[in-house]
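Since the structure comes first, as structure tokens, the remarks are kept for the end.
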Amino acid sequence: MKTYQSTAKDKKKNFFRRHARALIIAASSVVVAVAVILSVVLTLPDRKPVADPPVDVPPVDVKPTIVMPVSSAASQTGLEFALDKLVYWDTLEVWKYHPGIDFVGDSDVMAIRDGTVTSVDMHTTLDGNVVTVTHDDGYVSVYKSLGDNVTVKVGDKVKAGDKLGTTSSSMASESNTGAHLHLEIQKDGKYIDPSEVLPINQDK
């Protein structure tokens with residue numbers, strides 16, 4: 001009696017015959033699962049990334065740098081600002097309003113804040129040598145009674161603290177005051193009290 005041993009090839013055939021049904025079921029399950037996944041993915045709505053809502057950031061209120069127009073040596077004030085009353089002008093010997101502040105003494109004269117030089121008037125009849133600087137927000141500063149050594153010209157950009165000239169007695173209407181700076185400040189074309197703008201109290 002002869003005994004036949006199964007070859008490896010025969011074993012593989014027998015394995016597939018015995019497990020054909022199970023393999024078919026497994027393959028079918030995989031196909032169904034893939035079909036379900038594809039149908040779900042393809043039917044999903046086209047969702048675009050949603051950007052974060054804009055955040056309202058309040059603007060930062062950056063206050064301009066404002067400095068005194070003279071050194072401490074000339075911080076003594078002469079005539080003060082007076083629009084609602086008359087003050088006595090010693091040189092002219094008259095009572096009239098005074099639209100600025102007088103800083104008496106020898107000193108360099110500095111721009112009170114950043115701006116642009118919009119006029120330089122030399123040797124005017126009553127105000128002497130005058131420099132006008134225009135700033136942002138409708139502010140204008142006017143420096144009267146300067147000496148002949150004005151250091152700026154029209155169109156120059158100046159920073160707070162930049163030198164414009166020196167004090168003098170060139171302002172004929174206030175010549176009795178001696179060397180001084182007559183400072184006027186306007187806001188939107190109207191005179192305002194410079195003491196409300198300048199850091200005068202900080203220097204006392």
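In the structure tokens, the first chain shown is A, the next is B, and so on; residue numbers restart at 1 for each chain, and ligands run from 1 in the order shown.
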Determine which residues of region 125-156 of chain A receive a DSSP assignment of strand (DSSP E or B), computed from the backbone, and state them as a PyMOL selection string. chain A and resi 128-134+139-146
Between CA of Lys153 (chain A) and CA of Thr118 (chain A), what is the spacing in Å?
->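 Value for the CA of Thr118 (chain A)-CA of Lys153 (chain A) distance: 8.3 Å.
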Closest of A:Asp137, A:Asp162, A:Asp84, A:Glu93 to Val117 (chain A), counting only C-alpha atoms, is A:Asp162
CA of Gly115 (chain A) to CA of Val131 (chain A) measures 12.1 Å
